[in-house]
Each structure stands twice: as C-alpha cells, then as structure tokens.
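Okay, work-v6.cif now, which holds mmCIF, C-alpha atoms:
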data_structure
loop_
_atom_site.label_atom_id
_atom_site.label_comp_id
_atom_site.auth_asym_id
_atom_site.auth_seq_id
_atom_site.Cartn_x
_atom_site.Cartn_y
_atom_site.Cartn_z
CA THR A 1 8.63 26.84 -22.63
CA LYS A 2 8.50 24.58 -25.69
CA GLY A 3 12.31 24.35 -25.72
CA ASP A 4 12.37 23.29 -22.07
CA ASN A 5 9.68 20.68 -22.79
CA MET A 6 11.75 19.26 -25.66
CA ALA A 7 14.86 19.16 -23.46
CA ALA A 8 12.92 17.26 -20.83
CA THR A 9 11.67 14.90 -23.54
CA ILE A 10 15.23 14.15 -24.67
CA GLU A 11 16.29 13.49 -21.08
CA LEU A 12 13.29 11.24 -20.58
CA ASN A 13 14.05 9.22 -23.70
CA LYS A 14 17.46 8.31 -22.29
CA THR A 15 15.90 6.44 -19.37
CA THR A 16 13.85 3.31 -18.86
CA LYS A 17 10.36 3.33 -17.39
CA THR A 18 11.70 2.11 -14.03
CA ASP A 19 14.16 4.98 -13.61
CA LEU A 20 13.58 7.79 -11.17
CA LEU A 21 14.05 11.08 -12.98
CA LYS A 22 14.80 14.54 -11.64
CA ILE A 23 13.04 17.11 -13.83
CA ASP A 24 12.62 20.86 -13.70
CA PRO A 25 8.92 21.30 -12.76
CA ARG A 26 8.70 24.32 -15.05
CA SER A 27 9.26 22.04 -18.05
CA ILE A 28 6.42 19.66 -17.19
CA ILE A 29 3.15 20.17 -19.09
CA PHE A 30 0.50 20.65 -16.44
CA ASP A 31 -3.22 21.11 -17.14
CA PRO A 32 -5.49 21.04 -14.05
CA LYS A 33 -8.45 20.30 -16.33
CA ASP A 34 -7.04 16.78 -16.79
CA ASN A 35 -7.37 16.13 -13.07
CA PRO A 36 -10.66 14.60 -11.81
CA ARG A 37 -9.95 16.16 -8.42
CA VAL A 38 -11.90 19.38 -7.92
CA ASP A 39 -11.14 20.10 -4.27
CA TYR A 40 -7.38 20.45 -3.68
CA GLY A 41 -7.95 21.32 -0.04
CA ASN A 42 -5.52 23.40 2.03
CA LEU A 43 -2.12 23.13 0.37
CA GLU A 44 -0.16 25.02 3.03
CA GLU A 45 0.84 21.89 4.98
CA LEU A 46 2.00 20.17 1.79
CA LYS A 47 3.89 23.28 0.69
CA SER A 48 5.60 23.44 4.08
CA SER A 49 6.66 19.81 3.73
CA ILE A 50 8.04 20.40 0.23
CA ARG A 51 9.84 23.53 1.40
CA GLU A 52 11.60 21.52 4.11
CA SER A 53 12.10 18.11 2.49
CA GLY A 54 11.28 18.48 -1.20
CA VAL A 55 8.78 16.31 -3.07
CA ARG A 56 9.11 12.89 -1.49
CA ASP A 57 6.61 10.90 -3.57
CA PRO A 58 7.53 10.92 -7.28
CA LEU A 59 5.15 12.45 -9.79
CA LYS A 60 3.91 10.23 -12.60
CA ILE A 61 4.64 11.55 -16.06
CA LYS A 62 4.43 10.44 -19.67
CA ASN A 63 6.25 11.44 -22.83
CA THR A 64 4.15 13.17 -25.48
CA PRO A 65 5.02 14.86 -28.80
CA GLU A 66 4.63 18.19 -27.00
CA GLY A 67 6.93 17.21 -24.14
CA VAL A 68 6.73 15.65 -20.69
CA LYS A 69 3.18 15.70 -19.34
CA LEU A 70 1.95 15.23 -15.77
CA VAL A 71 -0.26 12.20 -15.22
CA HIS A 72 -0.54 11.89 -11.44
CA GLY A 73 0.45 14.19 -8.58
CA TYR A 74 -1.56 17.33 -9.23
CA ARG A 75 -1.63 18.52 -5.60
CA ARG A 76 2.14 18.15 -5.34
CA MET A 77 2.66 19.90 -8.67
CA THR A 78 0.28 22.72 -7.73
CA SER A 79 2.13 23.18 -4.44
CA VAL A 80 5.51 23.22 -6.18
CA LEU A 81 4.42 25.84 -8.72
CA SER A 82 2.89 27.92 -5.93
CA LEU A 83 6.20 27.85 -4.03
CA ILE A 84 8.06 28.90 -7.18
CA ASP A 85 5.64 31.80 -7.64
CA GLU A 86 6.38 32.82 -4.05
CA GLY A 87 10.11 32.94 -4.80
CA PHE A 88 11.15 29.57 -3.38
CA ASP A 89 13.29 27.74 -5.90
CA VAL A 90 12.39 24.12 -6.65
CA ALA A 91 15.00 23.15 -9.22
CA ARG A 92 14.02 19.51 -9.72
CA VAL A 93 11.20 17.15 -8.74
CA PRO A 94 11.35 13.33 -8.71
CA CYS A 95 9.32 11.71 -11.50
CA MET A 96 8.49 8.21 -12.71
CA THR A 97 7.46 7.47 -16.27
CA VAL A 98 4.33 5.39 -16.81
CA ALA A 99 4.48 2.10 -18.70
CA ARG A 100 4.06 1.94 -22.44
CA GLY A 101 0.36 1.75 -23.35
CA TYR A 102 -0.72 3.65 -20.25
CA ASN A 103 -4.06 5.23 -21.17
CA ASP A 104 -6.67 7.61 -19.75
CA GLU A 105 -8.53 4.79 -18.00
CA GLU A 106 -5.34 3.65 -16.23
CA ALA A 107 -4.85 7.24 -15.10
CA LEU A 108 -8.39 7.34 -13.67
CA PHE A 109 -7.80 4.13 -11.71
CA ASP A 110 -4.50 5.55 -10.42
CA HIS A 111 -6.29 8.60 -9.03
CA ILE A 112 -8.15 6.20 -6.73
CA ILE A 113 -5.63 3.41 -6.12
CA CYS A 114 -2.41 5.43 -5.89
CA ASN A 115 -3.76 8.44 -4.02
CA THR A 116 -1.61 8.91 -0.92
CA GLY A 117 -2.54 12.51 -0.23
CA LYS A 118 -5.87 14.18 0.41
CA PRO A 119 -8.68 11.63 -0.03
CA LEU A 120 -11.00 12.17 -2.97
CA THR A 121 -14.47 13.42 -2.13
CA CYS A 122 -17.43 11.13 -2.76
CA MET A 123 -18.48 13.28 -5.70
CA GLU A 124 -15.00 13.16 -7.22
CA GLU A 125 -15.06 9.38 -6.94
CA ALA A 126 -18.52 9.26 -8.51
CA ASN A 127 -17.33 11.27 -11.50
CA ILE A 128 -14.32 8.98 -11.97
CA TYR A 129 -16.58 5.89 -11.87
CA THR A 130 -18.85 7.51 -14.46
CA GLN A 131 -15.93 8.14 -16.80
CA LEU A 132 -14.80 4.53 -16.42
CA ILE A 133 -18.31 3.22 -17.11
CA ASN A 134 -18.49 5.43 -20.21
CA ALA A 135 -15.19 3.82 -21.27
CA GLY A 136 -16.79 0.37 -21.08
CA TYR A 137 -16.10 -0.84 -17.52
CA THR A 138 -18.86 -2.39 -15.43
CA GLN A 139 -19.46 -1.57 -11.78
CA ALA A 140 -18.23 -5.04 -10.86
CA GLU A 141 -14.99 -4.56 -12.81
CA ILE A 142 -14.37 -1.19 -11.21
CA ALA A 143 -15.04 -2.60 -7.74
CA LYS A 144 -12.62 -5.49 -8.27
CA ARG A 145 -9.89 -3.21 -9.61
CA ILE A 146 -10.03 -0.73 -6.72
CA GLY A 147 -10.65 -3.27 -3.96
CA LYS A 148 -14.19 -2.27 -3.03
CA THR A 149 -17.55 -4.04 -3.18
CA GLN A 150 -19.90 -3.44 -6.09
CA CYS A 151 -22.41 -2.14 -3.56
CA ALA A 152 -19.93 0.54 -2.45
CA VAL A 153 -19.38 1.64 -6.05
CA SER A 154 -23.13 1.68 -6.69
CA ASN A 155 -23.75 3.79 -3.56
CA ILE A 156 -21.19 6.36 -4.69
CA LEU A 157 -22.70 6.53 -8.17
CA SER A 158 -26.17 7.07 -6.72
CA LEU A 159 -25.02 10.46 -5.42
CA LEU A 160 -25.05 11.76 -8.98
CA LYS A 161 -28.87 11.73 -8.78
CA LEU A 162 -28.66 14.56 -6.25
CA THR A 163 -28.93 18.20 -7.30
CA LYS A 164 -25.74 20.23 -7.74
CA LYS A 165 -26.50 22.21 -4.57
CA VAL A 166 -26.66 19.04 -2.47
CA GLN A 167 -23.53 17.67 -4.14
CA THR A 168 -21.77 20.87 -3.11
CA LEU A 169 -22.93 20.40 0.50
CA ILE A 170 -21.41 16.91 0.41
CA ASN A 171 -18.14 18.18 -1.07
CA ASP A 172 -18.00 20.89 1.60
CA GLY A 173 -18.48 18.31 4.37
CA ILE A 174 -21.76 19.83 5.55
CA VAL A 175 -23.82 16.76 4.60
CA SER A 176 -22.61 13.18 4.67
CA ALA A 177 -23.12 11.00 1.62
CA SER A 178 -24.92 8.40 3.75
CA LEU A 179 -27.45 10.96 5.02
CA ALA A 180 -28.12 12.21 1.49
CA ARG A 181 -28.71 8.64 0.28
CA GLU A 182 -31.03 7.94 3.21
CA LEU A 183 -33.08 11.05 2.46
CA MET A 184 -33.33 10.03 -1.18
CA LYS A 185 -34.61 6.62 -0.12
CA ASP A 186 -37.16 8.16 2.28
CA ASN A 187 -38.43 10.53 -0.42
CA ASN A 188 -38.75 8.18 -3.40
CA ASP A 189 -35.53 9.42 -5.03
CA ASP A 190 -36.93 12.93 -5.39
CA ALA A 191 -33.76 15.02 -5.49
CA ASN A 192 -35.67 18.31 -5.30
CA VAL A 193 -37.32 17.32 -2.04
CA VAL A 194 -33.95 16.34 -0.56
CA GLU A 195 -32.51 19.68 -1.66
CA SER A 196 -35.39 21.54 0.02
CA ILE A 197 -34.81 19.69 3.29
CA LEU A 198 -31.06 20.20 3.38
CA ILE A 199 -30.88 23.75 2.02
CA SER A 200 -33.55 24.88 4.47
CA LYS A 201 -31.65 23.32 7.37
CA ASN A 202 -28.37 24.83 6.17
CA GLU A 203 -29.96 28.31 6.01
CA GLN A 204 -31.09 27.91 9.62
CA ASN A 205 -27.41 27.83 10.59
CA ASP A 206 -27.22 31.59 9.81
CA GLY A 207 -24.18 31.27 7.57
CA LYS A 208 -22.21 29.20 10.09
CA VAL A 209 -20.54 26.09 8.70
CA LYS A 210 -22.23 23.34 10.68
CA LYS A 211 -22.55 19.70 9.75
CA ILE A 212 -26.12 18.54 9.16
CA THR A 213 -26.86 15.21 10.81
CA ALA A 214 -29.86 12.91 10.87
CA LYS A 215 -30.54 13.95 14.48
CA SER A 216 -30.78 17.60 13.44
CA LEU A 217 -33.62 16.76 11.04
CA PRO A 218 -36.97 16.02 12.76
CA SER A 219 -38.37 12.68 11.64
CA SER A 220 -41.46 14.36 10.22
CA LYS A 221 -39.50 16.93 8.22
CA SER A 222 -39.09 14.77 5.12
CA LYS A 223 -42.84 14.30 4.80
CA PHE A 224 -43.42 17.99 5.45
CA TYR A 225 -41.13 19.04 2.66
CA LYS A 226 -42.56 16.45 0.33
CA VAL A 227 -46.04 17.91 0.80
CA GLN A 228 -44.62 21.43 0.53
CA ASN A 229 -42.88 20.57 -2.73
CA VAL A 230 -46.03 19.07 -4.27
CA PHE A 231 -48.02 22.12 -3.19
CA ALA A 232 -45.44 24.48 -4.71
CA LYS A 233 -45.67 22.64 -8.05
CA PHE A 234 -49.49 22.82 -7.90
CA VAL A 235 -49.38 26.60 -7.32
CA GLU A 236 -47.05 27.06 -10.29
#

Would you encode the structure as structure tokens?
Amino acid sequence: TKGDNMAATIELNKTTKTDLLKIDPRSIIFDPKDNPRVDYGNLEELKSSIRESGVRDPLKIKNTPEGVKLVHGYRRMTSVLSLIDEGFDVARVPCMTVARGYNDEEALFDHIICNTGKPLTCMEEANIYTQLINAGYTQAEIAKRIGKTQCAVSNILSLLKLTKKVQTLINDGIVSASLARELMKDNNDDANVVESILISKNEQNDGKVKKITAKSLPSSKSKFYKVQNVFAKFVE
C-alpha cells in the first residue's frame, strides 16, 4: 500500500547507500514491465531455495517519491511474491540501494553485468543493446562496458533482423542464434526465407519440441526455399 511504501521510504532514508536493508517485499514497488527480461524460466527451483534459505543475493532498489522501487532482481522478487501468494510468509528481503545518479542506462547494464541467475536469452540481450544505442552508446562502448568484443555485440544485434516467429524459436531454444545468423548469410539477409526454412522444419517435428540443427537441414534446402519464396511472391 502507499502507506507501506512511505514507511519503507523513511526507513531507507535513514541508511547509507552501502547499507544492507531488510524490507518487507510487499512494500516494494514492482513493475515487471520495467524488466528487459521476458523469459523468467522455471521459478520452482529458485522458490524452493528461497523457502529453505531466504533470498541470499540482495535486491537492488532505489528511493522514489512514490516509495521504494525495485531496480534489479525481478526473478527473485517474482518468486518471493509467488511464495507469499501460496501462503508462505516472507517477512523481509535483503536490499541494497543504488548510488545517487543511478539511471535507466545503468540499470540496463546491470541486467547484463550483475545477472547471477538465469542467463538472458540472445533476444533479450539484443533488446537491451538497442535501448542503450538509442540512449547514445556505441557498439564499441557497450562491448567495453560488458566485457565482450564489438563483434559479439554486433552479432547479437543482427538477430533483430529476423522475423518475430524465428526470434521466438531462438528464445524457446529450438533454433540457435548462430544457425539463424548463418541462414541469414546464406540467403542474402532475407528474413522471410529463413522463416520459411525453419518454420517448415519445426512443423515436421509434429509438435514435438526438438532442436533444429544445421545437420537437420539439407544443404540444398536454403536454395529451395529461396526459389519457393520468389515463386510465391510472383503468384501473388
């Protein structure tokens, strides 16, 4: 509630940014829309750990006029709230306040650098890089900040050229990012052709979740689908 948020704010104001706080999770403002992570994965293992040992890694929070707001630790927070909904009482969670001047771009970098839980998917990383570029960062600056090569950042960003259906296959682990990039290269960056190849192969699996590999795609298939795609456009 608003009163709980204000109480948490008062408690937060009494501490320095280096202090570890214990805060009622119900009083923390939590909006999943602020999280660049789309796939939270299976939370049952994390919930089991919290049930037995509590939240071990502190959440990152910041003080706002509305109250204490979550900055980093969305999977942990989601798991905690789920446990509370199930009737398991989590009275307090450990929190660390972010430094003064901490902004949205710092938060985006933290989602990559400070992530100790489920790894981000390639598409989630690509969307974070895009937001940082829109904020004025270059690929080289992003690469240096997160400890990767500029080529690695560029490769991740190239996945945004793929259709949404193919991006979903990558997020679901059915298609690897490297295979999707290779198919794009072989088909002159035609995302629709790549989608035709991969969706057709996925449908052949009769609804079974099966990873598509380069070996499962005949070498001539790319050319076949390219001709098929051109013919389909001609017929239209």

| said: Please list as a PyMOL selection string every residue within 9 Å of Thr78 (chain A), counting only C-alpha atoms and excluding residues in the same chain fewer than 2 positions away. | reply: chain A and resi 30+32+40+43+73-76+80-83

| said: Given the PyMOL selection byres ((chain A and resi 117) around 12) and the file above, list the residues it selects as a ChimeraX atom specification. | reply: /A:37,40-43,45-46,56-57,72-76,111-116,118-120

| task | Would you work out the distance separating CA of Ile29 (chain A) from CA of Val98 (chain A), expressed in Å to one decimal? | result |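 CA of Val98 (chain A) lies 15.0 Å from CA of Ile29 (chain A).
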
| message | Report as a ChimeraX atom specification all protein, DNA and RNA residues lying within 7 Å of Lys211 (chain A), evaluated on all atoms listed in the file, omitting residues in the same chain fewer than 2 positions from it. | response | /A:173-175,209,213

Can you pull out every residue within 8 Å of Pro36 (chain A), counting all atoms listed in the file, but drop anything in the same chain fewer than 4 positions away, and send it as a PDB file with C-alpha atoms, in the coordinates of the input?
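Output saved as selection_32.pdb:
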ATOM      1  CA  LEU A 108      -8.390   7.340 -13.670  1.00  0.00           C
ATOM      2  CA  HIS A 111      -6.290   8.600  -9.030  1.00  0.00           C
ATOM      3  CA  GLU A 124     -15.000  13.160  -7.220  1.00  0.00           C
ATOM      4  CA  ASN A 127     -17.330  11.270 -11.500  1.00  0.00           C
ATOM      5  CA  ILE A 128     -14.320   8.980 -11.970  1.00  0.00           C
TER       6      ILE A 128
END
